[in-house]
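Q: I'm passing along query_18.cif; it holds mmCIF, C-alpha atoms.
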```
data_run
#
loop_
_atom_site.group_PDB
_atom_site.id
_atom_site.type_symbol
_atom_site.label_atom_id
_atom_site.label_comp_id
_atom_site.auth_asym_id
_atom_site.auth_seq_id
_atom_site.Cartn_x
_atom_site.Cartn_y
_atom_site.Cartn_z
ATOM 1 C CA PHE I 30 0.187 -6.497 3.878
ATOM 2 C CA SER I 31 1.466 -3.571 1.827
ATOM 3 C CA ILE I 32 4.664 -3.043 -0.119
ATOM 4 C CA ALA I 33 6.440 0.102 -1.275
ATOM 5 C CA GLN I 34 9.812 1.079 -2.698
ATOM 6 C CA ILE I 35 12.308 3.219 -0.818
ATOM 7 C CA LYS I 36 13.750 5.506 -3.493
ATOM 8 C CA ARG I 37 15.833 8.646 -3.767
ATOM 9 C CA SER I 38 13.416 10.214 -6.240
ATOM 10 C CA ALA I 39 10.974 10.530 -3.310
ATOM 11 C CA GLY I 40 13.651 12.044 -1.069
ATOM 12 C CA GLN I 41 14.083 8.808 0.875
ATOM 13 C CA SER I 42 17.177 7.176 2.321
ATOM 14 C CA ALA I 43 17.732 3.505 3.095
ATOM 15 C CA ILE I 44 19.721 4.436 6.208
ATOM 16 C CA ALA I 45 17.016 6.788 7.550
ATOM 17 C CA SER I 46 14.301 4.231 6.790
ATOM 18 C CA ALA I 47 16.171 1.442 8.576
ATOM 19 C CA ALA I 48 16.950 3.674 11.562
ATOM 20 C CA TYR I 49 13.278 4.632 11.934
ATOM 21 C CA ARG I 50 12.033 1.044 11.763
ATOM 22 C CA ALA I 51 14.650 -0.304 14.180
ATOM 23 C CA GLY I 52 14.609 2.699 16.522
ATOM 24 C CA GLU I 53 18.371 3.203 16.152
ATOM 25 C CA ARG I 54 20.919 5.905 15.429
ATOM 26 C CA LEU I 55 22.610 5.318 12.059
ATOM 27 C CA TYR I 56 25.079 7.373 10.024
ATOM 28 C CA SER I 57 24.757 7.653 6.243
ATOM 29 C CA SER I 58 28.104 7.938 4.493
ATOM 30 C CA TYR I 59 26.283 8.726 1.222
ATOM 31 C CA TYR I 60 24.548 11.817 2.626
ATOM 32 C CA GLY I 61 26.913 12.530 5.518
ATOM 33 C CA GLU I 62 23.943 12.655 7.894
ATOM 34 C CA VAL I 63 22.868 10.961 11.113
ATOM 35 C CA SER I 64 19.341 9.569 11.538
ATOM 36 C CA ASP I 65 18.532 9.198 15.239
ATOM 37 C CA TYR I 66 15.329 7.405 16.252
ATOM 38 C CA THR I 67 16.526 6.017 19.569
ATOM 39 C CA LYS I 68 13.667 7.805 21.368
ATOM 40 C CA LYS I 69 11.027 6.203 19.166
ATOM 41 C CA GLY I 70 8.707 4.022 21.216
ATOM 42 C CA GLY I 71 6.970 0.780 20.332
ATOM 43 C CA VAL I 72 9.960 -1.072 18.851
ATOM 44 C CA ILE I 73 10.053 -4.550 20.390
ATOM 45 C CA ALA I 74 12.919 -6.145 18.500
ATOM 46 C CA SER I 75 14.833 -5.983 15.235
ATOM 47 C CA GLU I 76 17.119 -8.364 13.377
ATOM 48 C CA ILE I 77 18.720 -9.019 9.990
ATOM 49 C CA MET I 78 18.365 -12.322 8.131
ATOM 50 C CA LEU I 79 20.970 -13.293 5.515
ATOM 51 C CA PRO I 80 20.982 -15.820 2.681
ATOM 52 C CA PRO I 81 23.884 -18.319 2.922
ATOM 53 C CA HIS I 82 26.146 -16.529 0.416
ATOM 54 C CA ALA I 83 25.776 -13.066 1.994
ATOM 55 C CA PRO I 84 28.805 -11.664 3.898
ATOM 56 C CA GLU I 85 28.262 -11.702 7.664
ATOM 57 C CA ILE I 86 29.292 -8.041 7.865
ATOM 58 C CA TYR I 87 25.771 -7.283 6.626
ATOM 59 C CA LEU I 88 24.380 -8.452 9.964
ATOM 60 C CA ASP I 89 25.328 -4.925 11.019
ATOM 61 C CA ARG I 90 22.481 -2.609 9.989
ATOM 62 C CA ALA I 91 24.639 0.441 9.258
ATOM 63 C CA THR I 92 27.092 -1.605 7.161
ATOM 64 C CA LEU I 93 24.287 -3.211 5.162
ATOM 65 C CA TRP I 94 22.338 -0.113 4.201
ATOM 66 C CA ASN I 95 25.406 2.059 3.664
ATOM 67 C CA ALA I 96 26.605 -0.610 1.212
ATOM 68 C CA VAL I 97 23.238 -0.446 -0.551
ATOM 69 C CA GLU I 98 23.300 3.372 -0.670
ATOM 70 C CA ASN I 99 26.854 3.512 -2.029
ATOM 71 C CA CYS I 100 26.212 0.775 -4.581
ATOM 72 C CA GLU I 101 23.452 2.850 -6.200
ATOM 73 C CA LYS I 102 24.917 5.767 -8.139
ATOM 74 C CA HIS I 103 21.834 7.208 -9.805
ATOM 75 C CA PRO I 104 20.274 10.257 -8.058
ATOM 76 C CA LYS I 105 16.816 8.690 -8.499
ATOM 77 C CA ALA I 106 17.802 5.120 -7.620
ATOM 78 C CA GLN I 107 15.435 2.593 -6.099
ATOM 79 C CA LEU I 108 17.095 1.390 -2.886
ATOM 80 C CA ALA I 109 14.949 -1.223 -1.131
ATOM 81 C CA TYR I 110 11.553 -2.834 -0.841
ATOM 82 C CA SER I 111 9.564 -1.996 2.279
ATOM 83 C CA PHE I 112 6.843 -4.319 3.610
ATOM 84 C CA ASP I 113 4.345 -3.353 6.323
ATOM 85 C CA ILE I 114 2.584 -6.451 7.632
ATOM 86 C CA ALA I 115 -0.056 -6.666 10.361
ATOM 87 C CA MET I 116 0.350 -9.143 13.191
ATOM 88 C CA GLN I 117 -2.722 -10.831 14.626
ATOM 89 C CA ASN I 118 -4.278 -9.858 17.960
ATOM 90 C CA GLU I 119 -5.594 -13.435 18.289
ATOM 91 C CA LEU I 120 -1.994 -14.723 18.548
ATOM 92 C CA THR I 121 0.606 -14.098 21.230
ATOM 93 C CA LEU I 122 3.541 -11.820 20.493
ATOM 94 C CA GLU I 123 5.883 -14.813 20.443
ATOM 95 C CA GLU I 124 3.630 -16.680 18.004
ATOM 96 C CA ASN I 125 3.432 -13.620 15.753
ATOM 97 C CA MET I 126 7.209 -13.169 15.722
ATOM 98 C CA GLU I 127 7.834 -16.842 15.021
ATOM 99 C CA LEU I 128 5.332 -16.743 12.157
ATOM 100 C CA ALA I 129 6.965 -13.595 10.738
ATOM 101 C CA ARG I 130 10.491 -15.021 10.837
ATOM 102 C CA LYS I 131 9.398 -18.233 9.142
ATOM 103 C CA PHE I 132 7.553 -16.327 6.420
ATOM 104 C CA VAL I 133 10.461 -13.949 5.735
ATOM 105 C CA GLN I 134 12.932 -16.841 5.618
ATOM 106 C CA GLU I 135 10.832 -18.876 3.181
ATOM 107 C CA GLN I 136 9.603 -16.097 0.906
ATOM 108 C CA PHE I 137 12.472 -13.578 0.873
ATOM 109 C CA VAL I 138 15.754 -14.923 2.237
ATOM 110 C CA THR I 139 15.683 -18.230 0.352
ATOM 111 C CA LYS I 140 15.197 -16.186 -2.845
ATOM 112 C CA GLY I 141 18.473 -14.354 -2.189
ATOM 113 C CA MET I 142 17.181 -11.221 -0.466
ATOM 114 C CA ILE I 143 18.692 -9.769 2.687
ATOM 115 C CA ALA I 144 15.831 -8.966 5.068
ATOM 116 C CA ASP I 145 15.839 -6.405 7.887
ATOM 117 C CA LEU I 146 12.964 -7.034 10.323
ATOM 118 C CA ALA I 147 11.568 -4.693 12.966
ATOM 119 C CA PHE I 148 8.678 -5.671 15.238
ATOM 120 C CA HIS I 149 6.452 -2.852 16.494
ATOM 121 C CA SER I 150 3.706 -2.794 19.106
ATOM 122 C CA PRO I 151 2.721 0.845 19.660
ATOM 123 C CA GLU I 152 1.182 1.753 22.990
ATOM 124 C CA LYS I 153 -2.569 2.127 22.634
ATOM 125 C CA GLU I 154 -4.832 4.567 24.355
ATOM 126 C CA ASP I 155 -7.410 3.236 26.830
ATOM 127 C CA GLY I 156 -10.092 1.469 24.827
ATOM 128 C CA GLY I 157 -8.005 1.531 21.649
ATOM 129 C CA ILE I 158 -7.323 -1.427 19.386
ATOM 130 C CA PRO I 159 -3.831 -2.981 19.624
ATOM 131 C CA ASN I 160 -1.896 -2.539 16.395
ATOM 132 C CA PRO I 161 1.080 -4.953 16.463
ATOM 133 C CA HIS I 162 2.863 -5.153 13.137
ATOM 134 C CA PHE I 163 6.274 -5.734 11.628
ATOM 135 C CA HIS I 164 8.313 -3.991 8.972
ATOM 136 C CA VAL I 165 10.631 -5.724 6.539
ATOM 137 C CA MET I 166 13.180 -3.918 4.401
ATOM 138 C CA THR I 167 14.694 -6.106 1.717
ATOM 139 C CA THR I 168 17.465 -5.545 -0.784
ATOM 140 C CA MET I 169 16.532 -5.039 -4.423
ATOM 141 C CA ARG I 170 19.816 -6.103 -5.985
ATOM 142 C CA PRO I 171 20.555 -9.844 -6.044
ATOM 143 C CA LEU I 172 23.796 -11.057 -4.500
ATOM 144 C CA ASN I 173 26.337 -12.865 -6.636
ATOM 145 C CA PRO I 174 27.625 -16.247 -5.378
ATOM 146 C CA ASP I 175 30.789 -14.502 -4.115
ATOM 147 C CA GLY I 176 28.741 -12.080 -2.001
ATOM 148 C CA THR I 177 29.141 -9.052 -4.273
ATOM 149 C CA TRP I 178 26.162 -7.065 -5.526
ATOM 150 C CA GLY I 179 24.632 -8.199 -8.803
ATOM 151 C CA GLN I 180 22.667 -6.248 -11.385
ATOM 152 C CA LYS I 181 18.972 -5.393 -11.160
ATOM 153 C CA GLN I 182 18.691 -5.464 -14.943
ATOM 154 C CA ARG I 183 20.591 -6.747 -17.944
ATOM 155 C CA ARG I 184 20.531 -5.547 -21.541
ATOM 156 C CA GLU I 185 18.883 -7.695 -24.185
ATOM 157 C CA TYR I 186 19.953 -6.258 -27.532
ATOM 158 C CA LEU I 187 17.595 -6.187 -30.510
ATOM 159 C CA LEU I 188 18.889 -8.196 -33.470
ATOM 160 C CA ASP I 189 18.072 -8.175 -37.163
ATOM 161 C CA GLU I 190 17.319 -11.316 -39.193
ATOM 162 C CA ASP I 191 21.051 -11.942 -39.600
ATOM 163 C CA GLY I 192 21.667 -11.815 -35.858
ATOM 164 C CA ASN I 193 23.355 -8.404 -35.896
ATOM 165 C CA ARG I 194 22.616 -5.679 -33.368
ATOM 166 C CA ILE I 195 20.225 -2.969 -34.540
ATOM 167 C CA ARG I 196 21.168 0.690 -34.178
ATOM 168 C CA ASP I 197 18.772 3.582 -33.589
ATOM 169 C CA LYS I 198 18.833 6.884 -35.507
ATOM 170 C CA ASN I 199 21.638 8.146 -33.228
ATOM 171 C CA GLY I 200 23.793 5.130 -33.951
ATOM 172 C CA ASP I 201 23.328 3.531 -30.539
ATOM 173 C CA TYR I 202 22.522 -0.146 -30.183
ATOM 174 C CA MET I 203 18.859 -0.735 -29.307
ATOM 175 C CA PHE I 204 18.034 -2.971 -26.355
ATOM 176 C CA ASN I 205 15.393 -3.952 -23.829
ATOM 177 C CA ALA I 206 16.116 -3.789 -20.097
ATOM 178 C CA VAL I 207 15.321 -7.212 -18.614
ATOM 179 C CA HIS I 208 15.018 -7.669 -14.841
ATOM 180 C CA THR I 209 17.333 -10.277 -13.360
ATOM 181 C CA THR I 210 14.756 -11.298 -10.716
ATOM 182 C CA ASP I 211 10.958 -11.509 -10.542
ATOM 183 C CA TRP I 212 10.773 -9.621 -7.245
ATOM 184 C CA HIS I 213 9.137 -6.593 -8.873
ATOM 185 C CA GLU I 214 6.393 -8.543 -10.668
ATOM 186 C CA PRO I 215 2.749 -8.008 -9.598
ATOM 187 C CA GLU I 216 2.308 -11.797 -9.631
ATOM 188 C CA THR I 217 5.114 -12.116 -7.090
ATOM 189 C CA LEU I 218 3.469 -9.607 -4.744
ATOM 190 C CA GLU I 219 0.183 -11.470 -5.120
ATOM 191 C CA HIS I 220 1.983 -14.720 -4.250
ATOM 192 C CA TRP I 221 3.565 -13.170 -1.140
ATOM 193 C CA ARG I 222 0.223 -11.798 0.082
ATOM 194 C CA GLU I 223 -1.465 -15.149 -0.550
ATOM 195 C CA GLN I 224 1.276 -17.073 1.294
ATOM 196 C CA TRP I 225 1.085 -14.753 4.312
ATOM 197 C CA ALA I 226 -2.696 -15.220 4.535
ATOM 198 C CA ALA I 227 -2.235 -18.989 4.246
ATOM 199 C CA ALA I 228 0.415 -19.022 6.997
ATOM 200 C CA VAL I 229 -1.764 -16.989 9.365
ATOM 201 C CA ASN I 230 -4.859 -19.090 8.682
ATOM 202 C CA THR I 231 -2.915 -22.299 9.263
ATOM 203 C CA LYS I 232 -1.869 -20.936 12.667
ATOM 204 C CA PHE I 233 -5.463 -19.978 13.462
ATOM 205 C CA GLU I 234 -6.556 -23.514 12.582
ATOM 206 C CA GLU I 235 -3.826 -25.064 14.744
ATOM 207 C CA LYS I 236 -5.072 -23.039 17.719
ATOM 208 C CA GLY I 237 -8.702 -23.920 17.035
ATOM 209 C CA LEU I 238 -9.650 -20.306 16.326
ATOM 210 C CA ASP I 239 -12.711 -19.704 14.151
ATOM 211 C CA VAL I 240 -11.254 -16.661 12.357
ATOM 212 C CA ARG I 241 -9.579 -16.282 8.972
ATOM 213 C CA ILE I 242 -7.944 -13.516 6.931
ATOM 214 C CA ASP I 243 -8.096 -13.130 3.148
ATOM 215 C CA HIS I 244 -5.584 -11.322 0.958
ATOM 216 C CA ARG I 245 -8.238 -10.615 -1.666
ATOM 217 C CA SER I 246 -10.479 -7.571 -1.859
ATOM 218 C CA TYR I 247 -14.213 -7.839 -1.127
ATOM 219 C CA VAL I 248 -14.890 -7.644 -4.884
ATOM 220 C CA ARG I 249 -12.551 -10.545 -5.643
ATOM 221 C CA GLN I 250 -14.135 -12.548 -2.825
ATOM 222 C CA GLY I 251 -17.572 -11.944 -4.314
ATOM 223 C CA LEU I 252 -18.729 -10.039 -1.227
ATOM 224 C CA ASP I 253 -21.037 -7.073 -1.710
ATOM 225 C CA LEU I 254 -19.475 -4.983 1.060
ATOM 226 C CA ILE I 255 -17.817 -1.574 1.183
ATOM 227 C CA PRO I 256 -14.164 -1.698 2.337
ATOM 228 C CA THR I 257 -13.085 0.653 5.117
ATOM 229 C CA VAL I 258 -10.203 3.066 4.588
ATOM 230 C CA HIS I 259 -6.821 2.785 6.347
ATOM 231 C CA GLU I 260 -6.785 5.154 9.306
ATOM 232 C CA GLY I 261 -3.155 5.128 10.424
ATOM 233 C CA ALA I 262 -1.636 5.677 13.851
ATOM 234 C CA ASN I 263 -2.324 9.422 14.079
ATOM 235 C CA VAL I 264 -6.017 9.086 13.280
ATOM 236 C CA ARG I 265 -6.412 6.220 15.757
ATOM 237 C CA GLN I 266 -4.746 8.236 18.498
ATOM 238 C CA MET I 267 -7.038 11.201 17.843
ATOM 239 C CA GLU I 268 -10.124 8.977 17.791
ATOM 240 C CA ALA I 269 -9.044 7.305 21.049
ATOM 241 C CA LYS I 270 -8.916 10.763 22.653
ATOM 242 C CA GLY I 271 -12.467 11.502 21.520
ATOM 243 C CA ILE I 272 -11.434 13.692 18.571
ATOM 244 C CA ARG I 273 -13.606 12.746 15.602
ATOM 245 C CA THR I 274 -11.776 12.685 12.264
ATOM 246 C CA GLU I 275 -12.898 12.536 8.628
ATOM 247 C CA LYS I 276 -11.489 9.031 8.174
ATOM 248 C CA GLY I 277 -13.030 7.899 11.444
ATOM 249 C CA GLU I 278 -16.439 9.297 10.444
ATOM 250 C CA LEU I 279 -16.168 7.666 7.020
ATOM 251 C CA ASN I 280 -15.335 4.274 8.513
ATOM 252 C CA ARG I 281 -18.202 4.537 11.001
ATOM 253 C CA TRP I 282 -20.567 5.276 8.105
ATOM 254 C CA ILE I 283 -19.137 2.370 6.060
ATOM 255 C CA LYS I 284 -19.502 -0.088 8.953
ATOM 256 C CA ALA I 285 -23.066 1.073 9.659
ATOM 257 C CA THR I 286 -23.946 0.786 5.952
ATOM 258 C CA ASN I 287 -22.474 -2.725 5.757
ATOM 259 C CA ARG I 288 -24.467 -3.774 8.839
ATOM 260 C CA LEU I 289 -27.627 -2.320 7.296
ATOM 261 C CA MET I 290 -27.041 -4.120 3.982
ATOM 262 C CA GLN I 291 -26.368 -7.413 5.753
ATOM 263 C CA ASP I 292 -29.534 -6.974 7.836
ATOM 264 C CA VAL I 293 -31.598 -6.214 4.723
ATOM 265 C CA ARG I 294 -30.181 -9.266 2.946
ATOM 266 C CA LYS I 295 -31.079 -11.492 5.929
ATOM 267 C CA LYS I 296 -34.647 -10.166 5.920
ATOM 268 C CA ILE I 297 -34.973 -10.669 2.162
ATOM 269 C CA LYS I 298 -33.624 -14.209 2.504
ATOM 270 C CA ALA I 299 -36.082 -14.919 5.310
ATOM 271 C CA LEU I 300 -38.910 -13.488 3.195
ATOM 272 C CA PHE I 301 -38.092 -15.821 0.288
ATOM 273 C CA VAL I 302 -38.025 -18.781 2.688
ATOM 274 C CA TRP I 303 -41.437 -17.767 4.039
ATOM 275 C CA MET I 304 -42.850 -17.389 0.508
ATOM 276 C CA ALA I 305 -41.557 -20.855 -0.421
ATOM 277 C CA GLU I 306 -43.230 -22.323 2.670
ATOM 278 C CA VAL I 307 -46.509 -20.591 1.846
ATOM 279 C CA LYS I 308 -46.423 -21.857 -1.757
ATOM 280 C CA GLU I 309 -45.722 -25.381 -0.537
ATOM 281 C CA GLU I 310 -48.618 -25.176 1.906
ATOM 282 C CA LEU I 311 -51.002 -23.808 -0.737
ATOM 283 C CA SER I 312 -50.048 -26.575 -3.158
ATOM 284 C CA LYS I 313 -51.345 -29.247 -0.777
ATOM 285 C CA PRO I 314 -54.860 -30.595 -1.258
ATOM 286 C CA GLN I 315 -57.244 -28.410 0.714
ATOM 287 C CA THR I 316 -60.104 -29.657 2.850
ATOM 288 C CA PRO I 317 -63.443 -28.424 1.369
#
```
Represent the structure contained in this file as structure tokens.
A:
Amino acid sequence: FSIAQIKRSAGQSAIASAAYRAGERLYSSYYGEVSDYTKKGGVIASEIMLPPHAPEIYLDRATLWNAVENCEKHPKAQLAYSFDIAMQNELTLEENMELARKFVQEQFVTKGMIADLAFHSPEKEDGGIPNPHFHVMTTMRPLNPDGTWGQKQRREYLLDEDGNRIRDKNGDYMFNAVHTTDWHEPETLEHWREQWAAAVNTKFEEKGLDVRIDHRSYVRQGLDLIPTVHEGANVRQMEAKGIRTEKGELNRWIKATNRLMQDVRKKIKALFVWMAEVKEELSKPQTP
């Protein structure tokens, strides 16, 4: 469960990003360019979810993201949030998609975000691990009750003891930029990650599966284990073809080290149990 920002300062486009995730051909009126990903494989389905006050024209992907692009005037504007979320191999595709829609509706759409979903299930090489996942692009600007775009931030002017605005050395009024939503807050991201883990684990429990996921790191869980590194699709494809990669080698070493540490801990635990039994036996009255 990772989140990033789609922003012009990184050379990104909301239209190109949406086209890639949905596997579509979209035209950007802001850049005057076409992004064509119709030959991209692995896209199962895509859809747009709207809050009640959003205009229905935004159910069209090109209309939605062109509106977002044209609403942002700054050359380094932040355009959208992008979520990459893993689906679970223990669940069916239909169960995964139902879980994703419910989560997006409850956590994003009800908060006023427009959400653009795309479900991916890339073809895996023989012996490879399935990697079903879904992408969500959400709007960053809130929508006003009339369906127009609101502001990301508002100005909160600094006041003196008499309630008058304070000017800086250039004569401009001093202010703090205050976000109009809490969508950018680290606590909000933590809440989203926690809620996704809870939703998945509830589904596992309903199906009687003895597996669980945890949104926390090993350190936060109190586990003395080394986390593996994210490999990505390209590395997995190379590994599946027998081509050993640096990330693949590192993860193999990490997994082997974790197994070794767990084995050593088990032996130490067993040794302490044995010592306790010996002490108990020695403490009993002995026959002369």
Q: Please measure the separation of CA of Gln41 in chain I and CA of Glu98 in chain I, giving the value in Å to one decimal.
A: 10.8 Å
Q: Run the PyMOL selection byres ((chain I and resi 182-190) around 6) on the file and write out the hits as a ChimeraX atom specification.
A: /I:180-181,191-195,203-209
Q: With distances taken over all atoms listed in the file, which of I:Ala91, I:Met126, I:Leu120, I:Cys100 is nearest to Ala74 in chain I?
A: I:Met126
Q: Mind pulling up the distance from CA of Thr67 in chain I to CA of Arg170 in chain I?
A: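 The value is 28.5 Å.
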Q: Calculated over only C-alpha atoms, which of the candidates I:Ser31, I:Thr167, I:Asn287, I:Ser75 has the smallest distance to Arg222 in chain I?
A: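 With only C-alpha atoms as the atom set, the closest residue is I:Ser31.
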Q: Would you compute, for all listed atoms of range 224-228 of chain I, the axis-aligned bounding box grown by 3 Å on each side, and then report its centre and edge lengths in Å rounded to one decimal, as AutoDock Vina command-line options?
A:
```
--center_x -0.7 --center_y -16.9 --center_z 4.1 --size_x 10.0 --size_y 10.3 --size_z 11.7
```
Q: Apply the PyMOL selection byres ((chain I and resi 112) around 10) to the displayed file and report the matching residues as a PyMOL selection string.
A: chain I and resi 30-34+109-111+113-115+146+163-167
Q: When distances are computed from all atoms listed in the file, which of I:Lys313, I:His103, I:Arg90, I:His82 shows the smallest separation from Thr139 in chain I?
A: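 Using all atoms listed in the file, the shortest distance to Thr139 in chain I belongs to I:His82.
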Q: Nearest to Phe148 in chain I among I:Arg50, I:Lys308, I:Arg294, I:Arg196, with distances taken over only C-alpha atoms: which residue is it?
A: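 Checking each of I:Arg50, I:Lys308, I:Arg294, I:Arg196 against Phe148 in chain I, counting only C-alpha atoms, the winner is I:Arg50.
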Q: Using all atoms listed in the file, which residue out of I:Thr177, I:Thr210, I:Gln291, I:Ser57 lies closest to Pro84 in chain I?
A: I:Thr177
Q: Please write the residues picked by the PyMOL selection byres ((chain I and resi 107) around 7) on this file as number ranges by chain.
A: I: 34-37, 105-106, 108-109
Q: Measuring between all atoms listed in the file, which one of I:Gln117, I:Asn125, I:Asn173, I:Asn263 shows the shortest distance to Met142 in chain I?
A: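 Going through I:Gln117, I:Asn125, I:Asn173, I:Asn263 one by one, the smallest distance to Met142 in chain I is for I:Asn173.
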Q: Identify, on the basis of only C-alpha atoms, every residue whose closest approach to Ala83 in chain I does not exceed 12 Å; exclude the query and any residue fewer than 6 positions from it along the same chain; express the result as a VMD selection string.
A: chain I and resid 77 93 138 to 139 141 to 144 168 171 to 179
Q: Could you tell me how far CA of Lys236 in chain I lies from CA of Glu219 in chain I, in Å and to one decimal?
A: 26.1 Å
Q: Identify, on the basis of all atoms listed in the file, every residue whose closest approach to Tyr59 in chain I does not exceed 10 Å; exclude the query and any residue fewer than 4 positions from it along the same chain; express the result as a PyMOL selection string.
A: chain I and resi 42+44+95-102
Q: Find the residues near Trp282 in chain I: any atom within 12 Å, counting only C-alpha atoms, skip ones fewer than 6 places away on the same chain, and give them as an NGL selection string.
A: :I and (255-258 or 275-276 or 288-289)
Q: Can you sort out range 159-175 of chain I so it carries N, CA, C and O atoms, written as a PDB file, in the frame of the given file?
A:
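The resulting file, selection-v1.pdb, is reproduced below:
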```
ATOM      1  N   PRO I 159      -5.268  -2.722  19.787  1.00  0.00           N
ATOM      2  CA  PRO I 159      -3.831  -2.981  19.624  1.00  0.00           C
ATOM      3  C   PRO I 159      -3.473  -3.060  18.140  1.00  0.00           C
ATOM      4  O   PRO I 159      -4.251  -3.587  17.337  1.00  0.00           O
ATOM      5  N   ASN I 160      -2.305  -2.547  17.801  1.00  0.00           N
ATOM      6  CA  ASN I 160      -1.896  -2.539  16.395  1.00  0.00           C
ATOM      7  C   ASN I 160      -0.485  -3.108  16.241  1.00  0.00           C
ATOM      8  O   ASN I 160       0.420  -2.434  15.760  1.00  0.00           O
ATOM      9  N   PRO I 161      -0.257  -4.371  16.657  1.00  0.00           N
ATOM     10  CA  PRO I 161       1.080  -4.953  16.463  1.00  0.00           C
ATOM     11  C   PRO I 161       1.326  -5.218  14.990  1.00  0.00           C
ATOM     12  O   PRO I 161       0.431  -5.642  14.258  1.00  0.00           O
ATOM     13  N   HIS I 162       2.533  -4.948  14.534  1.00  0.00           N
ATOM     14  CA  HIS I 162       2.863  -5.153  13.137  1.00  0.00           C
ATOM     15  C   HIS I 162       4.375  -5.289  13.009  1.00  0.00           C
ATOM     16  O   HIS I 162       5.111  -5.045  13.969  1.00  0.00           O
ATOM     17  N   PHE I 163       4.828  -5.693  11.843  1.00  0.00           N
ATOM     18  CA  PHE I 163       6.274  -5.734  11.628  1.00  0.00           C
ATOM     19  C   PHE I 163       6.611  -5.166  10.260  1.00  0.00           C
ATOM     20  O   PHE I 163       5.813  -5.204   9.331  1.00  0.00           O
ATOM     21  N   HIS I 164       7.791  -4.570  10.210  1.00  0.00           N
ATOM     22  CA  HIS I 164       8.313  -3.991   8.972  1.00  0.00           C
ATOM     23  C   HIS I 164       9.428  -4.888   8.462  1.00  0.00           C
ATOM     24  O   HIS I 164      10.205  -5.442   9.244  1.00  0.00           O
ATOM     25  N   VAL I 165       9.523  -5.003   7.159  1.00  0.00           N
ATOM     26  CA  VAL I 165      10.631  -5.724   6.539  1.00  0.00           C
ATOM     27  C   VAL I 165      11.198  -4.847   5.423  1.00  0.00           C
ATOM     28  O   VAL I 165      10.463  -4.436   4.533  1.00  0.00           O
ATOM     29  N   MET I 166      12.472  -4.544   5.514  1.00  0.00           N
ATOM     30  CA  MET I 166      13.180  -3.918   4.401  1.00  0.00           C
ATOM     31  C   MET I 166      14.035  -4.990   3.738  1.00  0.00           C
ATOM     32  O   MET I 166      14.778  -5.694   4.423  1.00  0.00           O
ATOM     33  N   THR I 167      13.898  -5.113   2.427  1.00  0.00           N
ATOM     34  CA  THR I 167      14.694  -6.106   1.717  1.00  0.00           C
ATOM     35  C   THR I 167      15.504  -5.433   0.617  1.00  0.00           C
ATOM     36  O   THR I 167      15.118  -4.395   0.090  1.00  0.00           O
ATOM     37  N   THR I 168      16.614  -6.049   0.298  1.00  0.00           N
ATOM     38  CA  THR I 168      17.465  -5.545  -0.784  1.00  0.00           C
ATOM     39  C   THR I 168      16.784  -5.780  -2.130  1.00  0.00           C
ATOM     40  O   THR I 168      16.011  -6.730  -2.289  1.00  0.00           O
ATOM     41  N   MET I 169      17.092  -4.908  -3.083  1.00  0.00           N
ATOM     42  CA  MET I 169      16.532  -5.039  -4.423  1.00  0.00           C
ATOM     43  C   MET I 169      17.518  -5.684  -5.397  1.00  0.00           C
ATOM     44  O   MET I 169      17.113  -6.333  -6.363  1.00  0.00           O
ATOM     45  N   ARG I 170      18.801  -5.479  -5.133  1.00  0.00           N
ATOM     46  CA  ARG I 170      19.816  -6.103  -5.985  1.00  0.00           C
ATOM     47  C   ARG I 170      20.061  -7.538  -5.519  1.00  0.00           C
ATOM     48  O   ARG I 170      20.184  -7.789  -4.320  1.00  0.00           O
ATOM     49  N   PRO I 171      20.172  -8.490  -6.441  1.00  0.00           N
ATOM     50  CA  PRO I 171      20.555  -9.844  -6.044  1.00  0.00           C
ATOM     51  C   PRO I 171      22.033  -9.887  -5.669  1.00  0.00           C
ATOM     52  O   PRO I 171      22.820  -9.033  -6.094  1.00  0.00           O
ATOM     53  N   LEU I 172      22.401 -10.853  -4.872  1.00  0.00           N
ATOM     54  CA  LEU I 172      23.796 -11.057  -4.500  1.00  0.00           C
ATOM     55  C   LEU I 172      24.410 -12.127  -5.400  1.00  0.00           C
ATOM     56  O   LEU I 172      23.802 -13.172  -5.633  1.00  0.00           O
ATOM     57  N   ASN I 173      25.601 -11.859  -5.884  1.00  0.00           N
ATOM     58  CA  ASN I 173      26.337 -12.865  -6.636  1.00  0.00           C
ATOM     59  C   ASN I 173      26.810 -13.975  -5.699  1.00  0.00           C
ATOM     60  O   ASN I 173      26.864 -13.782  -4.480  1.00  0.00           O
ATOM     61  N   PRO I 174      27.158 -15.152  -6.236  1.00  0.00           N
ATOM     62  CA  PRO I 174      27.625 -16.247  -5.378  1.00  0.00           C
ATOM     63  C   PRO I 174      28.806 -15.876  -4.489  1.00  0.00           C
ATOM     64  O   PRO I 174      28.975 -16.450  -3.409  1.00  0.00           O
ATOM     65  N   ASP I 175      29.636 -14.897  -4.928  1.00  0.00           N
ATOM     66  CA  ASP I 175      30.789 -14.502  -4.115  1.00  0.00           C
ATOM     67  C   ASP I 175      30.446 -13.409  -3.098  1.00  0.00           C
ATOM     68  O   ASP I 175      31.329 -12.888  -2.416  1.00  0.00           O
TER      69      ASP I 175
END
```
